[in-house]
Each structure stands twice: as structure tokens, then as C-alpha cells.
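Listing of protein-v5.pdb, PDB, C-alpha atoms
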ATOM      1  CA  MET A 117      -1.911  14.523  14.672
ATOM      2  CA  SER A 118      -1.000  12.995  18.016
ATOM      3  CA  ALA A 119       1.300  10.022  17.711
ATOM      4  CA  PRO A 120      -0.370   6.744  18.653
ATOM      5  CA  GLN A 121       1.091   5.009  21.662
ATOM      6  CA  LEU A 122       2.221   1.538  20.685
ATOM      7  CA  ASP A 123       4.024  -0.791  23.027
ATOM      8  CA  ASP A 124       6.157  -3.828  22.263
ATOM      9  CA  LEU A 125       3.180  -6.173  22.332
ATOM     10  CA  ASP A 126       1.342  -4.055  19.728
ATOM     11  CA  ARG A 127       4.414  -4.110  17.537
ATOM     12  CA  GLN A 128       4.803  -7.890  17.893
ATOM     13  CA  LEU A 129       1.130  -8.368  17.041
ATOM     14  CA  ILE A 130       1.494  -6.224  13.921
ATOM     15  CA  GLU A 131       4.505  -8.273  12.873
ATOM     16  CA  VAL A 132       2.745 -11.625  13.353
ATOM     17  CA  LEU A 133      -0.421 -10.476  11.568
ATOM     18  CA  ALA A 134       1.525  -8.904   8.698
ATOM     19  CA  ARG A 135       2.825 -12.400   7.877
ATOM     20  CA  ASP A 136      -0.548 -14.117   8.096
ATOM     21  CA  ALA A 137      -3.742 -12.525   9.322
ATOM     22  CA  ARG A 138      -5.637 -15.824   9.544
ATOM     23  CA  VAL A 139      -3.696 -17.234  12.444
ATOM     24  CA  SER A 140      -6.051 -17.733  15.408
ATOM     25  CA  ASN A 141      -6.052 -15.557  18.526
ATOM     26  CA  ARG A 142      -5.227 -18.680  20.500
ATOM     27  CA  LYS A 143      -2.113 -19.394  18.464
ATOM     28  CA  ILE A 144      -0.924 -15.772  18.651
ATOM     29  CA  ALA A 145      -1.555 -15.768  22.400
ATOM     30  CA  GLY A 146       0.591 -18.890  22.786
ATOM     31  CA  GLU A 147       3.345 -17.466  20.637
ATOM     32  CA  LEU A 148       3.489 -14.136  22.476
ATOM     33  CA  GLY A 149       2.820 -15.506  25.964
ATOM     34  CA  VAL A 150      -0.357 -13.514  26.663
ATOM     35  CA  THR A 151      -4.039 -14.453  27.009
ATOM     36  CA  GLU A 152      -6.440 -14.816  24.098
ATOM     37  CA  GLY A 153      -8.529 -11.979  25.541
ATOM     38  CA  THR A 154      -5.532  -9.657  25.423
ATOM     39  CA  VAL A 155      -4.872 -10.550  21.787
ATOM     40  CA  ARG A 156      -8.526  -9.999  20.867
ATOM     41  CA  GLY A 157      -8.681  -6.655  22.680
ATOM     42  CA  ARG A 158      -5.422  -5.381  21.202
ATOM     43  CA  ILE A 159      -6.368  -6.318  17.648
ATOM     44  CA  LYS A 160      -9.710  -4.599  18.005
ATOM     45  CA  ARG A 161      -8.101  -1.436  19.354
ATOM     46  CA  LEU A 162      -5.468  -1.327  16.593
ATOM     47  CA  GLN A 163      -8.209  -1.757  13.978
ATOM     48  CA  GLN A 164     -10.517   0.827  15.503
ATOM     49  CA  GLU A 165      -7.711   3.358  15.662
ATOM     50  CA  GLY A 166      -6.937   2.756  11.995
ATOM     51  CA  LEU A 167      -3.441   1.486  12.750
ATOM     52  CA  ILE A 168      -3.966  -1.894  11.118
ATOM     53  CA  SER A 169      -6.364  -3.198   8.533
ATOM     54  CA  PHE A 170      -6.836  -6.752   7.298
ATOM     55  CA  THR A 171      -6.814  -7.355   3.612
ATOM     56  CA  ALA A 172      -6.394 -10.019   0.983
ATOM     57  CA  ILE A 173      -3.535  -9.420  -1.406
ATOM     58  CA  THR A 174      -3.720 -11.447  -4.607
ATOM     59  CA  SER A 175      -1.233 -11.916  -7.379
ATOM     60  CA  PHE A 176      -3.829 -13.034  -9.893
ATOM     61  CA  GLY A 177      -4.857 -10.129 -12.019
ATOM     62  CA  MET A 178      -1.181  -9.287 -11.826
ATOM     63  CA  ALA A 179       0.438  -9.896 -15.174
ATOM     64  CA  ALA A 180       4.185 -10.093 -15.661
ATOM     65  CA  SER A 181       3.753  -6.817 -17.528
ATOM     66  CA  THR A 182       2.051  -4.980 -14.662
ATOM     67  CA  ARG A 183       3.739  -1.658 -13.975
ATOM     68  CA  MET A 184       3.228   1.199 -11.577
ATOM     69  CA  ALA A 185       2.664   4.739 -12.796
ATOM     70  CA  PHE A 186       2.719   8.051 -10.978
ATOM     71  CA  ILE A 187       0.230  10.536 -12.332
ATOM     72  CA  GLY A 188       0.811  14.107 -11.184
ATOM     73  CA  VAL A 189      -2.310  16.234 -11.640
ATOM     74  CA  GLN A 190      -2.571  20.012 -11.659
ATOM     75  CA  ALA A 191      -6.128  20.762 -10.680
ATOM     76  CA  GLU A 192      -7.956  24.016 -10.101
ATOM     77  CA  VAL A 193      -7.019  24.899  -6.517
ATOM     78  CA  SER A 194     -10.582  25.632  -5.414
ATOM     79  CA  GLU A 195     -11.745  22.242  -6.728
ATOM     80  CA  VAL A 196      -8.876  20.072  -5.584
ATOM     81  CA  ARG A 197     -10.832  18.018  -3.013
ATOM     82  CA  ASP A 198     -13.590  17.297  -5.473
ATOM     83  CA  VAL A 199     -11.186  16.315  -8.235
ATOM     84  CA  ALA A 200      -9.193  14.092  -5.854
ATOM     85  CA  ARG A 201     -12.362  12.345  -4.729
ATOM     86  CA  ARG A 202     -13.404  11.698  -8.334
ATOM     87  CA  ILE A 203      -9.998  10.309  -9.207
ATOM     88  CA  SER A 204     -10.166   8.039  -6.148
ATOM     89  CA  GLU A 205     -13.424   6.594  -7.501
ATOM     90  CA  LEU A 206     -11.607   5.193 -10.551
ATOM     91  CA  ASP A 207     -11.031   1.463 -10.099
ATOM     92  CA  ALA A 208      -7.681   1.543 -11.844
ATOM     93  CA  VAL A 209      -6.282   4.074  -9.388
ATOM     94  CA  ASN A 210      -4.729   2.614  -6.230
ATOM     95  CA  ALA A 211      -3.695   5.727  -4.352
ATOM     96  CA  VAL A 212      -4.651   9.381  -4.407
ATOM     97  CA  MET A 213      -3.163  12.119  -2.291
ATOM     98  CA  ILE A 214      -3.599  15.855  -2.235
ATOM     99  CA  THR A 215      -0.152  17.393  -2.230
ATOM    100  CA  MET A 216       1.663  20.675  -2.000
ATOM    101  CA  GLY A 217       4.398  20.766  -4.596
ATOM    102  CA  ARG A 218       4.783  20.733  -8.346
ATOM    103  CA  PHE A 219       1.241  19.371  -8.720
ATOM    104  CA  ASN A 220      -1.619  19.288  -6.262
ATOM    105  CA  ILE A 221      -2.818  15.720  -6.672
ATOM    106  CA  LEU A 222      -0.722  12.589  -7.000
ATOM    107  CA  ALA A 223      -2.414   9.417  -8.219
ATOM    108  CA  ILE A 224      -0.645   6.067  -8.299
ATOM    109  CA  CYS A 225      -1.972   3.280 -10.460
ATOM    110  CA  LEU A 226      -1.045  -0.189 -11.645
ATOM    111  CA  PHE A 227      -1.557  -0.944 -15.306
ATOM    112  CA  ASP A 228      -0.975  -3.831 -17.698
ATOM    113  CA  SER A 229      -0.638  -2.038 -21.003
ATOM    114  CA  LEU A 230       0.152   1.446 -22.263
ATOM    115  CA  ASP A 231      -3.386   1.557 -23.652
ATOM    116  CA  SER A 232      -4.886   1.099 -20.219
ATOM    117  CA  LEU A 233      -2.576   3.754 -18.741
ATOM    118  CA  LEU A 234      -3.549   6.156 -21.500
ATOM    119  CA  GLU A 235      -7.182   5.494 -20.765
ATOM    120  CA  VAL A 236      -6.788   6.346 -17.077
ATOM    121  CA  ALA A 237      -4.443   9.325 -17.438
ATOM    122  CA  SER A 238      -5.696  10.956 -20.599
ATOM    123  CA  ASP A 239      -9.277   9.822 -21.029
ATOM    124  CA  GLN A 240     -10.475   9.629 -17.447
ATOM    125  CA  ILE A 241      -8.364  11.963 -15.291
ATOM    126  CA  LEU A 242      -7.532  14.682 -17.814
ATOM    127  CA  ALA A 243     -11.178  14.818 -18.874
ATOM    128  CA  LEU A 244     -12.408  15.638 -15.358
ATOM    129  CA  PRO A 245     -13.643  19.178 -14.891
ATOM    130  CA  GLY A 246     -11.095  21.248 -12.988
ATOM    131  CA  VAL A 247      -8.073  19.277 -14.238
ATOM    132  CA  HIS A 248      -5.567  21.450 -16.113
ATOM    133  CA  HIS A 249      -2.606  19.189 -16.672
ATOM    134  CA  VAL A 250      -1.548  15.595 -16.173
ATOM    135  CA  GLU A 251       2.033  14.359 -16.047
ATOM    136  CA  THR A 252       2.687  10.634 -16.056
ATOM    137  CA  SER A 253       5.854   8.784 -15.231
ATOM    138  CA  ILE A 254       6.184   5.033 -15.359
ATOM    139  CA  ALA A 255       8.182   2.991 -12.888
ATOM    140  CA  VAL A 256      10.547   0.888 -14.976
ATOM    141  CA  LYS A 257      12.291  -0.642 -11.991
ATOM    142  CA  THR A 258      11.300  -0.842  -8.350
ATOM    143  CA  VAL A 259      14.245  -0.541  -5.999
ATOM    144  CA  LYS A 260      12.285  -0.558  -2.736
ATOM    145  CA  TYR A 261       8.638  -1.137  -1.913
ATOM    146  CA  ASN A 262       6.707  -2.445   1.071
ATOM    147  CA  ALA A 263       3.083  -3.394   0.430
ATOM    148  CA  ARG A 264       2.468  -4.025   4.134
ATOM    149  CA  VAL A 265       2.860  -0.440   5.326
ATOM    150  CA  VAL A 266       0.214   1.913   3.976
ATOM    151  CA  ARG A 267      -1.989   4.848   4.804
ATOM    152  CA  ILE A 268      -5.216   3.381   6.164
ATOM    153  CA  THR A 269      -8.082   5.547   4.945
ATOM    154  CA  GLU A 270     -11.013   3.422   6.104
ATOM    155  CA  ILE A 271     -11.521   1.627   9.374
ATOM    156  CA  ASP A 272     -12.123  -2.136   8.845
ATOM    157  CA  ALA A 273     -15.780  -3.028   8.575
ATOM    158  CA  GLY A 274     -15.175  -6.071  10.770
ATOM    159  CA  ALA A 275     -13.539  -4.029  13.546
ATOM    160  CA  ASP A 276     -16.621  -4.034  15.759
ATOM    161  CA  GLU A 277     -17.455  -7.705  15.471
ATOM    162  CA  GLY A 278     -16.655 -10.014  18.314
ATOM    163  CA  ASP A 279     -14.309 -12.740  17.104
TER     164      ASP A 279
ATOM    165  CA  MET B1304       4.404 -18.348 -11.938
ATOM    166  CA  SER B1305       2.665 -21.564 -12.907
ATOM    167  CA  GLU B1306       0.231 -21.244 -15.790
ATOM    168  CA  ALA B1307      -1.744 -24.303 -14.687
ATOM    169  CA  PHE B1308      -3.215 -22.552 -11.665
ATOM    170  CA  SER B1309      -6.741 -21.369 -12.294
ATOM    171  CA  ILE B1310      -9.097 -19.306 -10.203
ATOM    172  CA  ASP B1311     -12.831 -19.910 -10.357
ATOM    173  CA  ASP B1312     -15.872 -17.963  -9.153
ATOM    174  CA  VAL B1313     -15.861 -19.677  -5.766
ATOM    175  CA  ASP B1314     -12.232 -18.603  -5.209
ATOM    176  CA  ARG B1315     -13.095 -15.073  -6.242
ATOM    177  CA  ALA B1316     -16.089 -14.949  -3.900
ATOM    178  CA  ILE B1317     -13.934 -16.140  -0.994
ATOM    179  CA  VAL B1318     -11.274 -13.515  -1.758
ATOM    180  CA  GLU B1319     -14.016 -10.891  -1.885
ATOM    181  CA  GLN B1320     -15.136 -11.886   1.620
ATOM    182  CA  LEU B1321     -11.538 -11.827   2.857
ATOM    183  CA  ARG B1322     -11.076  -8.317   1.473
ATOM    184  CA  VAL B1323     -14.025  -7.189   3.570
ATOM    185  CA  ASN B1324     -12.836  -8.991   6.683
ATOM    186  CA  GLY B1325      -9.547 -10.861   6.544
ATOM    187  CA  ARG B1326     -10.131 -12.307  10.022
ATOM    188  CA  ALA B1327     -13.566 -13.777   9.267
ATOM    189  CA  THR B1328     -13.588 -17.424  10.287
ATOM    190  CA  ASN B1329     -13.907 -20.144   7.660
ATOM    191  CA  GLN B1330     -17.344 -20.873   9.107
ATOM    192  CA  GLN B1331     -18.505 -17.252   8.733
ATOM    193  CA  ILE B1332     -17.332 -17.149   5.116
ATOM    194  CA  ALA B1333     -18.935 -20.538   4.459
ATOM    195  CA  ASN B1334     -22.275 -19.337   5.866
ATOM    196  CA  THR B1335     -22.232 -16.177   3.750
ATOM    197  CA  LEU B1336     -21.436 -18.062   0.543
ATOM    198  CA  GLY B1337     -23.393 -21.263   1.146
ATOM    199  CA  LEU B1338     -20.295 -23.462   1.282
ATOM    200  CA  THR B1339     -18.808 -25.698   3.934
ATOM    201  CA  ALA B1340     -16.023 -24.476   6.206
ATOM    202  CA  ALA B1341     -13.839 -27.313   4.902
ATOM    203  CA  THR B1342     -14.227 -26.037   1.331
ATOM    204  CA  VAL B1343     -13.390 -22.490   2.360
ATOM    205  CA  SER B1344     -10.338 -23.673   4.263
ATOM    206  CA  ALA B1345      -9.114 -25.845   1.385
ATOM    207  CA  ARG B1346      -9.634 -23.084  -1.194
ATOM    208  CA  ILE B1347      -7.736 -20.521   0.863
ATOM    209  CA  ARG B1348      -4.897 -22.974   1.516
ATOM    210  CA  ARG B1349      -4.635 -23.852  -2.153
ATOM    211  CA  MET B1350      -4.341 -20.195  -3.209
ATOM    212  CA  GLU B1351      -1.868 -19.427  -0.440
ATOM    213  CA  GLU B1352       0.324 -22.404  -1.229
ATOM    214  CA  ALA B1353       0.472 -21.360  -4.868
ATOM    215  CA  ASP B1354       1.534 -17.843  -3.732
ATOM    216  CA  LYS B1355      -1.606 -16.386  -5.312
ATOM    217  CA  LEU B1356      -3.065 -15.086  -2.077
ATOM    218  CA  ARG B1357      -1.934 -13.633   1.232
ATOM    219  CA  VAL B1358      -4.345 -12.506   3.908
ATOM    220  CA  VAL B1359      -2.393 -10.010   5.943
ATOM    221  CA  ALA B1360      -2.551  -7.065   8.260
ATOM    222  CA  VAL B1361      -1.315  -3.882   6.666
ATOM    223  CA  SER B1362      -0.278  -1.199   9.112
ATOM    224  CA  ASP B1363      -0.542   2.543   8.923
ATOM    225  CA  PHE B1364       2.552   4.724   8.597
ATOM    226  CA  SER B1365       1.621   6.242  11.935
ATOM    227  CA  ALA B1366       1.846   2.835  13.629
ATOM    228  CA  HIS B1367       5.548   3.028  12.797
ATOM    229  CA  GLY B1368       5.841   6.562  14.105
ATOM    230  CA  TYR B1369       5.664   8.292  10.731
ATOM    231  CA  ASN B1370       3.218  11.153  10.421
ATOM    232  CA  VAL B1371       4.413  13.003   7.318
ATOM    233  CA  LEU B1372       4.281  11.470   3.844
ATOM    234  CA  MET B1373       5.786  13.005   0.734
ATOM    235  CA  GLU B1374       6.680  12.118  -2.777
ATOM    236  CA  VAL B1375      10.108  13.230  -3.947
ATOM    237  CA  ALA B1376      11.184  13.256  -7.585
ATOM    238  CA  ILE B1377      14.909  13.232  -8.236
ATOM    239  CA  GLU B1378      16.957  14.271 -11.202
ATOM    240  CA  VAL B1379      20.253  12.421 -11.432
ATOM    241  CA  ASP B1380      23.439  13.736 -12.955
ATOM    242  CA  GLY B1381      26.785  12.084 -13.561
ATOM    243  CA  ARG B1382      25.985   8.722 -12.014
ATOM    244  CA  PRO B1383      23.717   5.772 -12.952
ATOM    245  CA  ALA B1384      20.236   6.408 -11.559
ATOM    246  CA  SER B1385      20.038   2.825 -10.306
ATOM    247  CA  GLU B1386      23.084   3.399  -8.076
ATOM    248  CA  VAL B1387      21.643   6.611  -6.677
ATOM    249  CA  ALA B1388      18.286   4.908  -6.055
ATOM    250  CA  ALA B1389      19.921   1.937  -4.336
ATOM    251  CA  GLU B1390      21.845   4.245  -2.029
ATOM    252  CA  LEU B1391      18.760   6.329  -1.206
ATOM    253  CA  ALA B1392      16.739   3.163  -0.580
ATOM    254  CA  GLU B1393      19.010   2.373   2.367
ATOM    255  CA  PHE B1394      17.515   5.218   4.408
ATOM    256  CA  PRO B1395      14.560   3.968   6.474
ATOM    257  CA  GLU B1396      12.696   7.196   5.667
ATOM    258  CA  VAL B1397      12.737   6.214   1.984
ATOM    259  CA  PHE B1398       9.773   3.987   2.019
ATOM    260  CA  ALA B1399       9.558   3.272  -1.705
ATOM    261  CA  ALA B1400      11.907   4.042  -4.577
ATOM    262  CA  HIS B1401      11.328   3.492  -8.279
ATOM    263  CA  LEU B1402      13.303   4.311 -11.409
ATOM    264  CA  VAL B1403      10.907   6.160 -13.667
ATOM    265  CA  THR B1404      10.532   7.515 -17.175
ATOM    266  CA  GLY B1405       9.973  11.217 -17.765
ATOM    267  CA  ARG B1406      11.565  14.435 -16.602
ATOM    268  CA  TYR B1407      12.855  12.934 -13.359
ATOM    269  CA  ASP B1408      14.835   9.736 -12.907
ATOM    270  CA  ILE B1409      13.802   8.488  -9.479
ATOM    271  CA  ASP B1410      10.443   8.684  -7.760
ATOM    272  CA  MET B1411      10.367   8.038  -4.020
ATOM    273  CA  LEU B1412       7.852   7.993  -1.218
ATOM    274  CA  VAL B1413       9.452   9.433   1.897
ATOM    275  CA  VAL B1414       8.062   9.303   5.434
ATOM    276  CA  LEU B1415       9.027  11.441   8.410
ATOM    277  CA  ARG B1416       8.123  11.353  12.082
ATOM    278  CA  ASP B1417       7.664  15.058  12.001
ATOM    279  CA  ILE B1418       8.260  17.896   9.546
ATOM    280  CA  GLY B1419      11.042  19.040  11.858
ATOM    281  CA  ASP B1420      13.049  15.994  10.714
ATOM    282  CA  LEU B1421      13.201  17.357   7.161
ATOM    283  CA  PRO B1422      16.349  19.503   7.552
ATOM    284  CA  SER B1423      18.453  16.627   8.865
ATOM    285  CA  LEU B1424      17.111  14.235   6.232
ATOM    286  CA  LEU B1425      17.993  16.648   3.440
ATOM    287  CA  LEU B1426      21.172  18.176   4.815
ATOM    288  CA  ASP B1427      22.767  15.285   6.693
ATOM    289  CA  LYS B1428      21.514  12.251   4.791
ATOM    290  CA  PHE B1429      20.390  12.889   1.193
ATOM    291  CA  SER B1430      23.105  15.477   0.617
ATOM    292  CA  LYS B1431      25.753  12.774   1.157
ATOM    293  CA  VAL B1432      24.448  10.760  -1.800
ATOM    294  CA  LYS B1433      26.433  11.578  -4.925
ATOM    295  CA  GLY B1434      24.716  12.153  -8.242
ATOM    296  CA  ILE B1435      21.604  14.035  -7.148
ATOM    297  CA  ARG B1436      21.140  17.080  -9.335
ATOM    298  CA  SER B1437      17.799  18.193  -7.945
ATOM    299  CA  MET B1438      15.031  17.013  -5.648
ATOM    300  CA  VAL B1439      11.458  18.157  -6.011
ATOM    301  CA  PRO B1440       9.046  17.280  -3.222
ATOM    302  CA  ALA B1441       5.272  17.084  -3.095
ATOM    303  CA  ILE B1442       4.075  16.934   0.503
ATOM    304  CA  ALA B1443       0.912  14.894   1.042
ATOM    305  CA  VAL B1444      -1.558  17.064   2.916
ATOM    306  CA  ASP B1445      -4.385  14.532   2.668
ATOM    307  CA  VAL B1446      -4.480  10.913   1.546
ATOM    308  CA  ILE B1447      -7.814  10.101  -0.072
ATOM    309  CA  LYS B1448      -7.160   6.540  -1.163
ATOM    310  CA  TYR B1449      -4.351   4.074  -0.619
ATOM    311  CA  LYS B1450      -5.197   0.564  -1.584
ATOM    312  CA  PHE B1451      -2.870  -1.905  -3.218
ATOM    313  CA  ASP B1452      -4.578  -5.262  -2.993
ATOM    314  CA  VAL B1453      -3.063  -6.689  -6.150
ATOM    315  CA  ALA B1454       0.675  -7.117  -5.778
ATOM    316  CA  PRO B1455       3.465  -9.533  -6.511
ATOM    317  CA  ILE B1456       3.616 -12.161  -3.771
ATOM    318  CA  GLU B1457       6.918 -13.414  -2.516
ATOM    319  CA  ALA B1458       7.151 -17.049  -1.447
ATOM    320  CA  ARG B1459       6.987 -17.549   2.301
ATOM    321  CA  GLU B1460      10.330 -17.897   3.977
ATOM    322  CA  ASP B1461       8.995 -20.349   6.522
ATOM    323  CA  ALA B1462       5.700 -21.761   7.691
TER     324      ALA B1462
END

Rewritten as C-alpha cells:
Amino acid sequence: MSAPQLDDLDRQLIEVLARDARVSNRKIAGELGVTEGTVRGRIKRLQQEGLISFTAITSFGMAASTRMAFIGVQAEVSEVRDVARRISELDAVNAVMITMGRFNILAICLFDSLDSLLEVASDQILALPGVHHVETSIAVKTVKYNARVVRITEIDAGADEGD
Amino acid sequence: MSEAFSIDDVDRAIVEQLRVNGRATNQQIANTLGLTAATVSARIRRMEEADKLRVVAVSDFSAHGYNVLMEVAIEVDGRPASEVAAELAEFPEVFAAHLVTGRYDIDMLVVLRDIGDLPSLLLDKFSKVKGIRSMVPAIAVDVIKYKFDVAPIEAREDA
């Protein structure tokens, strides 16, 4: 993968928008000392290249008991893409990656109760055809985490709209 | 977290629109939902002020120069796992670190500019951290889904 070329202005834009994505182009332009057209063009390019994505993060639906779990899946090697895609279709699962290591799929999910984790790991994932083994570990304490830096897997739907 | 704060269907519908396009104007959202722009604006502000909502840009690892993602599970020996995790978390390549239940003690997401950076990360950086008995990596060869849109929200530091 060729590394994207980002300059200081791109990085400043990302920083401003990571704080609040609803700030107007005009205000960003004033803050960074460039024209509104430049801001609009840069944002569009960053979105189209999958380098940024705008999203709404909510804390409702987030109970005090919400925990993260890592579910390592050993799936039949010839079916790994199919199994990963099916796991990614589960609402409760936030992240799915195909890996090379002690398992070949890693799923990360947030759950509110052990019952709901059991349902995802044992009833839904383990029951999929091609899944041999599931190993779950629960995060009991988060030492470091940054919700603003992610792997963007879909280009924003709004990326082509004029703003 | 205040228990008095409640979210109704209008709030939910607005959040739904924001998830599709976080930069949609209040007027665009209002038109889609049959509301006024003033209502949309007030609803968003109310949720944001209560730290229930943030509309933000998330950026890809590659925008920060990182092109390799891996999960690393760590077994700790002879030292509290929380101390080992805190020390590992100081490396910028350690993007997330959690203390976990199960066979391993620490689960981390690690990012690299390039796979060629792995030797120096392991041999010059991680190897200096005391208490690591073993490290078992799983290198992400393809990321199918990565979406965390429910998360704890920290209060804003400034306006």
C-alpha cells in the first residue's frame, strides 16, 4: 500500500475535525488561515481517499457495565473470508480482522452482560459453518485507547456531495 | 452520568442521519426528517452539552503513517500486569492496551509504519520492558469491519 501524502494543512484539518466535525468550513478556514474552497476541497479529498470519515459517537446505549471483549476465532482456512464477512454482519461485533497468528480471525465487541457476550461468542460465532474454535478474553481495564483513529473500511456516503 | 437525561425518537433519528453524514447541515437533516433547522440544532446541542453525543472525524491509521496493524497478546511474569501495560502504553506504536482475562494478561493493538519496523520495536523497545514472559502476535492481513460508534465520551476540555 502506498503511503498517502499528507501535508501540515491536512493534519491540522484532521485535528480540528476530530474535535468537532460540525464546525463550518468558513470557521475552519478562518482558524487555519486558508480559503473556504481549500477547506472544502481538502475535506472531500481526505474522505474520498478513505483517510477520514465523519461519524456520530454516542454514549447512550453505553452502560456503566459495558466491556470490550476480544474473540479469537479459528476458522477453516479455505473459508476464512466468508466466515469473517458473516461475523462482520453481526450487530454486536464492532471490528473484524483476518489475521495471521494464533487464530485467523479476530473480532472485537462491546457487551453489557456476560449473557450477551455468550450469545455472540458461543451461539452466533461458534455456530457458523467453518468455525472450529472460539477463544474469548474480556478487557477488565483499559490502559490506552483512542476512538478517533480507526481503520476506515467504507468511504463516507456523503463524500461526493457538494457542501 | 446524569440519569435525568432522556433520548427520544427524534434524537435517535437525528443521530442516525449524523451517522450517515456527520457534516450534513442542520437544514439538510431537518428536510429529511420533516423538522425545522432550529429544532435539529437545539437537539444536537443538547446531546453534545450533556456529553451524550460527539460528531467527529475519525481518521485512518494510514493518515498517521501506519500501514501495518496487529494484535499482540502478552503473558506477564513477576510483575503486576497493570505496570507492564502502563509502560507498554507509552510507546506510540501501542495504539490500544487492555488488561484481559484468559490465558494472556494484556491485549494490545500495535501499529507500524512498515513491517520492517518490527525488529526495532521488539528488540529495542518492548524488550526493555520488564515482566514480559511471552508475546504472541496476530498480524491483520485484512480489516473487514472497524466501527466503534458507541463509546464513553469525555467532557470537552474547552469550547

Near-A:Phe219 list (6 Å; all atoms listed in the file; drop same-chain fewer than 2 positions) as a ChimeraX atom specification: /A:188-190,217,221

Applying 12 Å and all atoms listed in the file, which residues near B:Val1403 remain after dropping the ones on its own chain fewer than 4 positions away? List them as a list in words.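 The residues satisfying every condition are Arg183, Met184, Ala185, Phe186, Ile187, Thr252, Ser253, Ile254, Ala255, Val256, Lys257, Thr258 and Val259 of chain A; Ala1376, Ile1377, Glu1378, Val1379, Ala1384, Ser1385, Ala1388, Tyr1407, Asp1408, Ile1409, Asp1410 and Met1411 of chain B.
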
Matched chain/residue IDs from the PyMOL selection byres ((chain A) within 8 of (chain B)), as an MDAnalysis selection string: chainID A and resid 117 119:120 122 130 133:138 166:178 200:201 204 210:220 252:269 272:274 279

Assuming the chain letters and numbering stay as they are in my file, what does the PyMOL selection byres ((chain B and resi 1381) around 6) actually select? List them as a list of chain:residue names. B:Asp1380, B:Arg1382, B:Gly1434

In Å, with one decimal, what is the gap from atom CA of B:Ile1435 to atom CA of B:Pro1395?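 Separation of atom CA of B:Ile1435 and atom CA of B:Pro1395: 18.3 Å.
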
Each side padded by 3 Å, which centre and which edge lengths in Å (one decimal) define the axis-aligned box around the listed atoms of stretch 265-273 of chain A? Give them as AutoDock Vina command-line options.
--center_x -6.5 --center_y 1.3 --center_z 6.7 --size_x 24.6 --size_y 14.6 --size_z 11.4

Which distance in Å separates atom CA of B:Ser1437 and atom CA of B:Ile1418, to one decimal?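 Calculated distance between atom CA of B:Ser1437 and atom CA of B:Ile1418 is 19.9 Å.
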
Suppose you want the space between atom CA of A:Glu192 and atom CA of A:Ala237; what is it in Å?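 Computing the Euclidean distance for atom CA of A:Glu192 and atom CA of A:Ala237 yields 16.8 Å.
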
To test your reading of the syntax: which residues would the PyMOL selection byres ((chain A and resi 236) around 12) return for the file shown? Reply as a PyMOL selection string. chain A and resi 185-187+203-210+223-235+237-244+250-252

Would you kindly return, as a ChimeraX atom specification, each protein, DNA or RNA residue with an atom no farther than 9 Å from any atom of B:Leu1336, considering all atoms listed in the file and excluding same-chain residues fewer than 2 positions away? /B:1313,1316-1317,1320,1331-1334,1338-1339

Could you write those residues out with C-alpha atoms, as a short mmCIF file (atom, residue, chain, number, x, y, z; two decimals), keeping the file's coordinate frame?
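Heads up, here's the output in selection-v8.cif:
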data_model
loop_
_atom_site.label_atom_id
_atom_site.label_comp_id
_atom_site.auth_asym_id
_atom_site.auth_seq_id
_atom_site.Cartn_x
_atom_site.Cartn_y
_atom_site.Cartn_z
CA VAL B 1313 -15.86 -19.68 -5.77
CA ALA B 1316 -16.09 -14.95 -3.90
CA ILE B 1317 -13.93 -16.14 -0.99
CA GLN B 1320 -15.14 -11.89 1.62
CA GLN B 1331 -18.50 -17.25 8.73
CA ILE B 1332 -17.33 -17.15 5.12
CA ALA B 1333 -18.93 -20.54 4.46
CA ASN B 1334 -22.28 -19.34 5.87
CA LEU B 1338 -20.30 -23.46 1.28
CA THR B 1339 -18.81 -25.70 3.93
#
